Every structure is written in structure tokens, then in C-alpha cells.
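Trainee: Got a structure for you, start_39.txt, holding compact mmCIF, C-alpha atoms.
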```txt
# COMPACT_ATOMS: atom_id res chain seq x y z
CA MET A 1 4.42 32.71 102.49
CA ARG A 2 5.42 29.32 103.95
CA CYS A 3 4.49 28.35 107.48
CA GLN A 4 8.13 28.08 108.51
CA ASN A 5 8.74 31.69 107.50
CA ILE A 6 5.54 32.83 109.14
CA LYS A 7 6.37 31.11 112.43
CA GLN A 8 9.74 32.80 112.54
CA LYS A 9 8.06 36.17 112.23
CA LEU A 10 5.25 35.60 114.71
CA ASP A 11 7.12 36.99 117.69
CA ARG A 12 7.82 40.22 115.81
CA TYR A 13 4.21 40.24 114.72
CA ILE A 14 3.17 40.16 118.40
CA GLN A 15 5.56 43.02 119.13
CA GLY A 16 4.10 45.05 116.29
CA ASP A 17 7.56 45.19 114.84
CA LEU A 18 6.72 44.23 111.26
CA PRO A 19 5.91 46.43 108.29
CA GLU A 20 2.17 46.84 107.84
CA PRO A 21 1.81 44.79 104.62
CA MET A 22 3.64 41.83 106.19
CA SER A 23 1.53 42.03 109.34
CA ARG A 24 -1.63 41.89 107.26
CA ARG A 25 -0.34 38.91 105.29
CA ILE A 26 0.45 37.07 108.51
CA GLU A 27 -2.96 37.90 109.92
CA ARG A 28 -4.68 36.48 106.85
CA HIS A 29 -2.52 33.36 107.11
CA LEU A 30 -3.34 32.89 110.78
CA HIS A 31 -7.03 32.82 109.98
CA LYS A 32 -6.47 29.92 107.61
CA CYS A 33 -3.66 27.97 109.32
CA ARG A 34 -4.40 26.20 112.60
CA ASN A 35 -0.79 25.16 113.02
CA CYS A 36 0.55 28.70 112.89
CA ALA A 37 -2.28 29.92 115.10
CA ASP A 38 -1.24 27.31 117.69
CA THR A 39 2.36 28.49 117.45
CA LEU A 40 1.21 32.05 118.03
CA SER A 41 -0.69 30.91 121.09
CA ARG A 42 2.40 29.15 122.49
CA ILE A 43 4.59 32.18 121.86
CA ASN A 44 2.11 34.32 123.77
CA LYS A 45 2.02 31.81 126.58
CA LEU A 46 5.80 31.71 126.80
CA GLU A 47 5.94 35.47 126.99
CA GLY A 48 3.39 35.37 129.80
CA LEU A 49 5.63 33.06 131.83
CA PHE A 50 8.33 35.70 131.92
CA GLU A 51 6.10 38.37 133.37
CA ASP A 52 6.72 39.46 136.93
CA THR A 53 9.80 37.32 137.42
CA PRO A 54 11.57 38.76 140.44
CA LEU A 55 15.04 40.16 140.37
CA PRO A 56 17.28 40.92 143.31
CA PRO A 57 18.15 44.61 143.61
CA VAL A 58 21.52 45.95 142.56
CA PRO A 59 24.03 44.93 145.26
CA GLU A 60 24.48 47.56 147.90
CA GLY A 61 27.54 49.71 147.35
CA PHE A 62 27.80 48.71 143.68
CA SER A 63 28.43 52.22 142.40
CA GLU A 64 30.74 53.10 145.31
CA ARG A 65 32.94 50.09 144.62
CA LEU A 66 32.95 50.88 140.94
CA MET A 67 33.90 54.52 141.54
CA GLN A 68 36.87 53.32 143.60
CA LEU A 69 38.05 51.28 140.64
CA ALA A 70 37.49 54.01 138.06
CA PRO A 71 40.45 56.30 138.88
CA GLN A 72 42.83 53.32 138.89
CA ARG A 73 41.53 52.32 135.52
CA GLN A 74 41.92 55.84 134.16
CA TYR A 75 45.48 55.95 135.46
CA LEU A 76 46.34 52.61 133.88
CA GLN A 77 44.83 53.78 130.64
CA GLN A 78 47.01 56.88 130.60
CA VAL A 79 50.20 55.09 131.61
CA SER A 80 49.78 52.15 129.32
CA GLU A 81 48.86 54.26 126.32
CA PRO A 82 51.82 52.57 124.79
CA ALA A 83 55.11 54.37 124.88
CA VAL A 84 55.60 52.64 121.56
CA ARG A 85 52.54 54.45 120.22
CA ARG A 86 53.92 57.82 121.38
CA LEU A 87 57.31 56.95 119.94
CA TRP A 88 55.68 55.96 116.66
CA ALA A 89 53.76 59.23 116.61
CA TRP A 90 57.08 61.09 117.03
CA PHE A 91 58.58 59.19 114.10
CA ASP A 92 55.53 60.08 112.07
CA ARG A 93 55.84 63.75 112.85
CA THR A 94 59.53 63.88 112.00
CA GLY A 95 59.12 61.88 108.80
CA LEU A 96 61.41 59.16 110.09
CA LYS A 97 58.73 56.46 110.08
CA LYS A 98 59.97 54.70 106.93
CA SER A 99 63.60 54.92 108.06
CA ALA A 100 62.64 53.47 111.42
CA ALA A 101 60.80 50.57 109.77
CA ALA A 102 63.77 49.88 107.50
CA ALA A 103 66.17 50.00 110.45
CA VAL A 104 64.06 47.50 112.38
CA LEU A 105 64.02 45.16 109.37
CA VAL A 106 67.78 45.33 108.90
CA LEU A 107 68.34 44.77 112.60
CA GLY A 108 66.08 41.72 112.55
CA LEU A 109 67.92 40.22 109.58
CA ALA A 110 71.29 40.86 111.20
CA ILE A 111 70.25 39.17 114.42
CA GLY A 112 68.89 36.22 112.47
CA MET A 113 72.13 35.82 110.54
CA LEU A 114 74.22 36.04 113.70
CA MET A 115 72.14 33.38 115.35
CA GLY A 116 72.32 31.20 112.26
CA ARG A 117 76.06 31.56 112.17
CA ASP A 118 76.32 29.60 115.41
CA THR A 119 74.67 26.70 113.66
CA TRP A 120 76.48 26.60 110.31
CA GLN A 121 79.81 27.38 111.92
CA SER A 122 79.47 24.53 114.40
CA PRO A 123 82.79 22.56 114.56
CA ALA A 124 80.96 19.28 114.23
CA ILE A 125 79.45 20.23 110.94
CA GLN A 126 82.44 22.19 109.63
CA SER A 127 84.82 19.31 110.24
CA VAL A 128 82.91 17.21 107.80
CA GLY A 129 83.57 18.27 104.18
CA LYS A 130 81.05 17.80 101.46
CA SER A 131 82.71 14.68 100.06
CA GLN A 132 83.18 13.28 103.50
CA MET A 133 79.49 13.78 104.31
CA ALA A 134 78.57 10.99 101.95
CA GLN A 135 80.97 8.58 103.74
CA VAL A 136 80.14 9.44 107.29
CA GLU A 137 77.51 7.50 109.11
CA PRO A 138 74.84 9.54 110.83
CA THR A 139 75.32 7.27 113.80
CA ASP A 140 78.82 8.73 114.19
CA ILE A 141 77.79 12.36 113.93
CA TYR A 142 74.76 12.12 116.14
CA ASN A 143 76.10 9.60 118.65
CA LEU A 144 73.56 6.95 117.81
CA ASP A 145 76.05 4.08 118.39
CA TYR A 146 73.93 2.63 121.10
CA LEU A 147 71.32 1.77 118.48
CA THR A 148 73.67 -0.46 116.46
CA ASP A 149 73.02 -3.27 118.87
CA ALA A 150 69.32 -3.15 118.17
CA PRO A 151 67.82 -6.52 117.24
CA LYS A 152 66.91 -7.07 113.60
CA GLY A 153 63.36 -6.10 112.81
CA SER A 154 63.06 -3.82 115.80
CA LEU A 155 61.96 -0.21 115.58
CA ALA A 156 65.47 1.01 116.37
CA ASP A 157 66.83 -1.17 113.58
CA ALA A 158 64.31 0.22 111.12
CA TYR A 159 65.26 3.76 112.13
CA LEU A 160 68.95 3.07 111.66
CA THR A 161 68.27 1.63 108.23
CA LEU A 162 66.47 4.79 107.26
CA VAL A 163 69.14 7.23 108.44
CA SER A 164 72.16 5.15 107.50
CA THR A 165 74.07 5.96 104.27
CA THR A 166 74.78 2.24 103.87
CA ASN A 167 71.03 1.96 103.42
CA GLY A 168 70.37 -1.55 104.41
CA ARG A 169 73.80 -2.90 103.69
CA GLU A 170 75.64 -4.62 106.50
CA ARG A 171 76.73 -2.19 109.11
CA MET B 1 18.75 70.47 133.96
CA SER B 2 20.30 67.02 133.73
CA LEU B 3 22.66 66.27 130.92
CA SER B 4 21.90 63.71 128.23
CA ASP B 5 23.82 60.46 128.10
CA GLU B 6 25.77 61.71 125.11
CA GLN B 7 26.72 64.94 126.88
CA LEU B 8 27.84 62.96 129.91
CA MET B 9 29.94 60.65 127.74
CA ILE B 10 31.63 63.64 126.13
CA ALA B 11 32.51 64.83 129.63
CA VAL B 12 33.75 61.35 130.54
CA SER B 13 35.97 61.35 127.45
CA LYS B 14 37.62 64.47 128.86
CA GLY B 15 38.32 62.73 132.14
CA ASN B 16 35.31 63.93 134.11
CA VAL B 17 34.81 61.35 136.84
CA GLU B 18 31.58 62.90 138.14
CA ALA B 19 30.04 62.49 134.70
CA PHE B 20 31.05 58.84 134.74
CA GLU B 21 29.41 58.43 138.13
CA GLN B 22 26.18 59.85 136.77
CA ILE B 23 26.28 57.34 133.93
CA VAL B 24 26.81 54.55 136.43
CA VAL B 25 23.91 55.65 138.63
CA ARG B 26 21.61 55.91 135.60
CA TYR B 27 22.46 52.55 134.11
CA GLN B 28 23.71 50.32 136.93
CA ARG B 29 20.35 48.59 137.24
CA LEU B 30 20.27 47.77 133.54
CA ALA B 31 23.78 46.35 133.53
CA TRP B 32 23.11 44.38 136.72
CA ARG B 33 19.80 43.02 135.41
CA ILE B 34 21.27 41.52 132.28
CA ALA B 35 24.38 40.21 134.01
CA TYR B 36 22.41 38.59 136.82
CA ARG B 37 19.82 37.07 134.52
CA TYR B 38 22.59 35.64 132.40
CA ILE B 39 25.06 34.48 135.08
CA GLY B 40 22.71 33.70 137.95
CA ASN B 41 25.01 34.54 140.83
CA TYR B 42 25.74 37.80 142.60
CA SER B 43 29.51 37.99 142.57
CA ASP B 44 30.06 37.12 138.92
CA ALA B 45 27.15 39.30 137.86
CA GLU B 46 28.53 42.26 139.80
CA GLU B 47 31.95 41.70 138.29
CA ILE B 48 30.52 41.71 134.78
CA ALA B 49 28.33 44.75 135.38
CA GLN B 50 31.28 46.69 136.82
CA GLU B 51 33.59 45.60 134.05
CA ALA B 52 31.05 46.84 131.50
CA PHE B 53 31.25 50.34 132.93
CA LEU B 54 35.03 50.20 133.19
CA LYS B 55 35.26 49.14 129.55
CA ILE B 56 33.10 52.09 128.63
CA LEU B 57 35.45 54.29 130.64
CA ASP B 58 38.46 52.78 128.84
CA SER B 59 37.05 53.60 125.43
CA ALA B 60 35.38 56.90 126.35
CA LYS B 61 37.80 58.86 124.18
CA SER B 62 36.74 56.95 121.09
CA TYR B 63 33.01 56.92 121.92
CA ARG B 64 30.86 58.28 119.11
CA PRO B 65 27.14 58.75 119.75
CA SER B 66 26.09 56.90 116.60
CA ALA B 67 23.50 55.01 118.62
CA LYS B 68 21.75 55.52 121.93
CA PHE B 69 23.97 54.98 124.93
CA GLY B 70 21.66 52.27 126.24
CA THR B 71 22.17 50.27 123.05
CA TYR B 72 25.92 50.66 123.44
CA LEU B 73 25.77 49.47 127.04
CA TYR B 74 23.66 46.45 126.06
CA LYS B 75 26.32 45.54 123.53
CA VAL B 76 29.17 45.84 126.05
CA VAL B 77 27.36 43.79 128.70
CA ALA B 78 26.28 41.20 126.12
CA ASN B 79 29.86 40.71 124.94
CA LEU B 80 31.10 40.33 128.50
CA CYS B 81 28.40 37.76 129.24
CA LEU B 82 29.35 35.74 126.17
CA ASP B 83 33.06 36.01 127.07
CA HIS B 84 32.19 34.75 130.54
CA SER B 85 30.55 31.69 129.03
CA ARG B 86 33.55 31.01 126.85
CA LYS B 87 35.98 31.23 129.75
CA LYS B 88 34.04 29.48 132.47
CA ARG B 89 32.67 25.99 132.60
CA PRO B 90 28.92 26.31 132.43
CA GLN B 91 27.42 25.94 135.86
CA LEU B 92 24.78 23.31 136.20
CA ALA B 93 21.45 24.60 137.35
CA ASP B 94 21.63 22.75 140.65
CA GLU B 95 24.96 24.36 141.48
CA PHE B 96 23.27 27.69 141.89
CA PRO B 97 22.88 28.52 145.55
CA ALA B 98 19.35 28.94 146.82
CA ASP B 99 18.57 32.54 146.18
CA LYS B 100 17.60 33.80 149.59
CA GLU B 101 16.24 37.13 148.43
CA LEU B 102 14.06 35.59 145.79
CA THR B 103 12.33 33.31 148.26
CA GLU B 104 11.63 36.29 150.48
CA THR B 105 9.98 38.37 147.79
CA PRO B 106 6.32 39.31 148.04
CA TYR B 107 5.66 36.43 145.58
CA SER B 108 5.38 33.87 148.31
CA ASN B 109 2.95 31.69 146.40
CA LEU B 110 4.70 28.33 146.05
CA GLN B 111 3.48 27.71 142.53
CA ILE B 112 4.81 31.04 141.34
CA GLN B 113 8.15 30.35 143.02
CA GLU B 114 8.34 26.96 141.38
CA ARG B 115 7.47 28.47 138.04
CA ASN B 116 10.13 31.16 138.39
CA GLN B 117 12.78 28.66 139.39
CA ALA B 118 11.83 26.41 136.49
CA ILE B 119 12.10 29.35 134.12
CA GLN B 120 15.45 30.35 135.56
CA LEU B 121 16.80 26.83 135.16
CA ALA B 122 15.40 26.48 131.67
CA VAL B 123 16.98 29.75 130.55
CA GLU B 124 20.30 28.88 132.18
CA SER B 125 20.40 25.57 130.34
CA LEU B 126 20.24 27.28 126.95
CA PRO B 127 23.39 27.71 124.86
CA ALA B 128 25.10 31.06 125.50
CA ARG B 129 23.78 33.06 122.55
CA GLN B 130 20.25 31.70 122.81
CA ARG B 131 20.24 32.48 126.53
CA LEU B 132 21.35 36.03 125.90
CA ALA B 133 18.77 36.54 123.15
CA ILE B 134 15.97 35.27 125.39
CA ILE B 135 17.05 37.58 128.21
CA LEU B 136 17.13 40.59 125.91
CA ARG B 137 13.77 39.70 124.41
CA TYR B 138 11.72 38.60 127.40
CA TYR B 139 13.34 40.35 130.33
CA GLU B 140 14.49 43.52 128.63
CA ASN B 141 11.68 43.66 126.05
CA LEU B 142 14.02 44.77 123.33
CA SER B 143 12.95 44.83 119.71
CA TYR B 144 14.62 42.50 117.25
CA ASP B 145 16.60 45.44 115.86
CA GLN B 146 17.92 46.25 119.32
CA ILE B 147 18.73 42.62 120.09
CA ALA B 148 20.56 42.30 116.78
CA ALA B 149 22.57 45.45 117.56
CA ALA B 150 23.43 44.26 121.06
CA MET B 151 24.53 40.84 119.81
CA ASP B 152 26.27 42.19 116.73
CA THR B 153 24.22 40.13 114.35
CA SER B 154 21.40 40.51 111.84
CA VAL B 155 17.67 40.63 112.52
CA LYS B 156 17.18 37.45 110.53
CA ALA B 157 19.83 35.65 112.59
CA THR B 158 18.11 36.93 115.74
CA GLU B 159 14.78 35.51 114.53
CA ARG B 160 16.37 32.10 114.00
CA LEU B 161 18.20 32.25 117.34
CA LEU B 162 15.04 33.07 119.26
CA ALA B 163 12.98 30.51 117.35
CA ARG B 164 15.41 27.77 118.39
CA ALA B 165 15.56 29.06 121.96
CA ARG B 166 11.77 29.14 122.23
CA LYS B 167 11.53 25.55 121.01
CA LYS B 168 13.93 24.42 123.74
CA LEU B 169 12.12 26.45 126.39
CA GLU B 170 8.77 25.01 125.36
CA ARG B 171 10.20 21.53 125.87
CA SER B 172 11.76 22.42 129.24
CA LEU B 173 8.67 24.21 130.46
CA ALA B 174 6.14 21.83 128.89
CA ASP B 175 4.26 21.47 132.20
CA PHE B 176 3.51 25.16 132.30
CA PHE B 177 2.12 25.09 128.81
CA LYS B 178 -0.43 22.47 129.76
CA LYS B 179 -1.78 24.56 132.62
```
As C-alpha cells, what does this structure read like?
Mentor:
Amino acid sequence: MRCQNIKQKLDRYIQGDLPEPMSRRIERHLHKCRNCADTLSRINKLEGLFEDTPLPPVPEGFSERLMQLAPQRQYLQQVSEPAVRRLWAWFDRTGLKKSAAAAVLVLGLAIGMLMGRDTWQSPAIQSVGKSQMAQVEPTDIYNLDYLTDAPKGSLADAYLTLVSTTNGRER
Amino acid sequence: MSLSDEQLMIAVSKGNVEAFEQIVVRYQRLAWRIAYRYIGNYSDAEEIAQEAFLKILDSAKSYRPSAKFGTYLYKVVANLCLDHSRKKRPQLADEFPADKELTETPYSNLQIQERNQAIQLAVESLPARQRLAIILRYYENLSYDQIAAAMDTSVKATERLLARARKKLERSLADFFKK
């Protein structure tokens, strides 16, 4: 057994927490290895430092204060046992669980489509037909006119070049 | 005849507040000990110790006596201590107020006081999990199996954790090793 493994087990060896065969192996090793014997000595010393370290007593009134909190906690536990959980349990009992899940899914899709409709039905986008899209400058749609005065080589100019359908041609 | 911890917990699961109070009275010192050793100040330690019992109350209905109640309590307190470290900025050792009660203990010998303060500071300077492992090993005298259960880890991982912690403590407390 390597020293590194032995050292890691020494504390358990002190505690008598190791299987008998392993303890005997460690004992034999300690007789031969000064290094591990020193480590054992340091572990013992460290343990000795922790003896008789004082500890303040439990704060006065600890259990009284706790017992005042306990009923509130019990109440909250009962009330917050989710209504959703009770509702779900009802669905389970009546066999409506799958129908409920399907209904929720359909509802979610419907809401999503309704919300999306506001976007794709936007007058700004609708007024521009597919063929017109290719001719229309993004600067017109998105009110980026103020960037057309940007000096050549500037960041704004580079951005306009990227988004413009003229793509580098004279604007 | 007093009821066992498991019998009390069964009563607690049925809403018996008196049973819960008995649990608290039996184990308040244990919860306080670990919390105080870990946190180092009264108010936070009390908060953690109380929260441990309240968490046990919360989950009383699902409590199964697969292990001793003490082991279960160690685990709850240990998790709360580690959560506390994650949420709060670690307090530097010199931010801890002078512990009035400790200086008035029967251990009035200055050297012993200095040693105890040095130990306290050295332990508090350890990373969270190492600190907790040291407290469970040297203050609570738990076995490696018990420490592993409380910290939700393996015995081998506990060995490595404590080996690293001991190395750091030996460096911090080098003066006391020379004596």
C-alpha cells in the first residue's frame, strides 16, 4: 500500500474505523515508515487541539421562539400545499388528466398564434409585398435615415452597407 | 416511558406539536453546536438551528426512519450551513465580535484562550465543505460513514476532504505543533 493511501486512512485508523486486515497492514507499515508515523503523530496532535474547546450554551429561549414559529409554519404548509396539486389530484381521480394536459397545450398554441398575428399582420410589413421587399431600403422601413449622413468609413456607414440592399453601391 | 425519536416523528407527521417540541428539546444543543461552530455568531447560528427544525417539520409527512434521526438532523443542519456560505460573503476572522462568554469560561488560562481563538480562526478560514467536515469530525466526533451521510458524499471523498483540511490546519496552527 502506498504512503499516500496510508496517510489518507490514518485518521480512520485512529478512530478504529477500519476493517481489521487493513488496520493490521497499516500498523505493519507504520513500523517501517517514519514519514507515515510522523503523519500519524501530527494527526493525533491536531485532534488533541480540539479537545475541551468551549462552546456557548444554547441561547436562552431558543425552543420557546422556535415553538412560536412552528404553528405558523404548519399553517403555511397546509395552505400552500398547492391548490394546483389538489386540482391535479382531482383530474387524476376523474381520469381527465390527459384531457387537461391536451387542453393546456392547445390553449398555449392558440395564445402563441394570436400574439404572433400582431407581428405578421403589422401594417408596416403587410404594405410591403414580396417583390417590393427586394426594392425597399431597410433605412426606409426602420427609419434609419439619420444614418445616411454618416461619414465614409465610420461604424454607422459600415452598418448601413451591411443592411442596405444596394450593398455598397451609391446610396 | 419516553418515546423514541422515530415514534415522535411519526406523531409530528400527524400534526402533533408537543411531539415536535420534544424533538426540539432533545436535539437543540446538537443543532446549535454545529451551526455555531460553523457560522461563529449567535444570531445567524440560531437562525440556522431553528430553520433546521422547521425544515424537519415541513417534511415530517414524508419522513421515513431509514436512518437514525440524529443522522437526519446532521444532514439538514449541514445543508443549511453550506447554503449559508453560498449566500453570504464569508466573514473574515477579525470581523467576529469578541465572544464575551468564551472569555468568561472557566478556561481563563491565557494560553488556552489564545489556542482556542487560533483554532476557531483557522477552522473559519477553511473552505465551506472542509470546514464542515472538520467540525463534524473533531467537534462532533462522527465516524467517516456518518460524516459522509451528513454531507451527502462518499467515505472516500470524506477522507480526501479531511486530508486537505488537516493540511491547511497544520499550516495555520503550525506554532501549536511545535509546542
Trainee: Could the residues of chain B that have an atom at most 8 Å from chain A be listed as a tab-separated table, each with its closest atom pair and the distance in Å to one decimal, counting all atoms listed in the file and ordered by chain and ascending residue number?
Mentor:
```
residue	atom	partner	partner_atom	distance
B:Val17	CA	A:Pro71	CA	7.8
B:Glu21	CA	A:Met67	CA	6.9
B:Val24	CA	A:Ser63	CA	6.6
B:Val25	CA	A:Ser63	CA	6.8
B:Gln28	CA	A:Val58	CA	7.5
B:Arg29	CA	A:Val58	CA	6.1
B:Trp32	CA	A:Val58	CA	6.3
B:Arg33	CA	A:Leu55	CA	7.4
B:Tyr42	CA	A:Pro59	CA	7.8
B:Glu46	CA	A:Phe62	CA	7.6
B:Gln50	CA	A:Leu66	CA	6.1
B:Leu54	CA	A:Ala70	CA	6.7
B:Leu57	CA	A:Gln74	CA	7.5
B:Asp58	CA	A:Gln77	CA	6.7
B:Glu101	CA	A:Pro56	CA	6.5
B:Leu102	CA	A:Pro54	CA	6.7
B:Thr105	CA	A:Pro54	CA	7.5
B:Arg115	CA	A:Leu49	CA	7.9
B:Asn116	CA	A:Thr53	CA	6.2
B:Ile119	CA	A:Phe50	CA	7.7
B:Tyr138	CA	A:Phe50	CA	6.4
B:Tyr139	CA	A:Phe50	CA	7.0
B:Ser143	CA	A:Asp17	CA	7.3
B:Tyr144	CA	A:Arg12	CA	7.3
B:Glu159	CA	A:Gln8	CA	6.1
B:Arg160	CA	A:Gln8	CA	6.8
B:Ala163	CA	A:Gln8	CA	6.2
B:Arg166	CA	A:Ile43	CA	7.8
B:Glu170	CA	A:Leu46	CA	7.5
B:Phe177	CA	A:Lys45	CA	7.1
```
Trainee: Pick from B:Tyr38, B:Tyr63, B:Phe69, B:Phe176: nearest to B:Arg26, with only C-alpha atoms counted?
Mentor: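 The shortest atom-to-atom distance to B:Arg26 comes from B:Phe69.
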Trainee: Find the distance between atom CA of B:Asn79 and atom CA of B:Glu51 and write it in Å to one decimal.
Mentor: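 Between atom CA of B:Asn79 and atom CA of B:Glu51 the gap works out to 11.0 Å.
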Trainee: Might you pull out every residue within 7 Å of B:Leu161, with only C-alpha atoms counted and same-chain residues fewer than 4 positions away left off, and present them as a ChimeraX atom specification?
Mentor: /B:130,157,165
Trainee: If you measure from atom CA of A:Lys32 to atom CA of B:Arg171, what distance in Å do you get, rounded to one decimal?
Mentor: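 Rounded to one decimal, the two atoms are 26.1 Å apart.
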Trainee: Work out how far apart atom CA of B:Ala78 and atom CA of B:Leu132 are and give it in Å to one decimal.
Mentor: 7.1 Å
Trainee: Select, from B:Ala35, B:Val155, B:Ala52, B:Ala60, the residue with the minimum atom-to-atom distance to B:Gly15, counting all atoms listed in the file.
Mentor: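 Selected residue with least distance to B:Gly15: B:Ala60.
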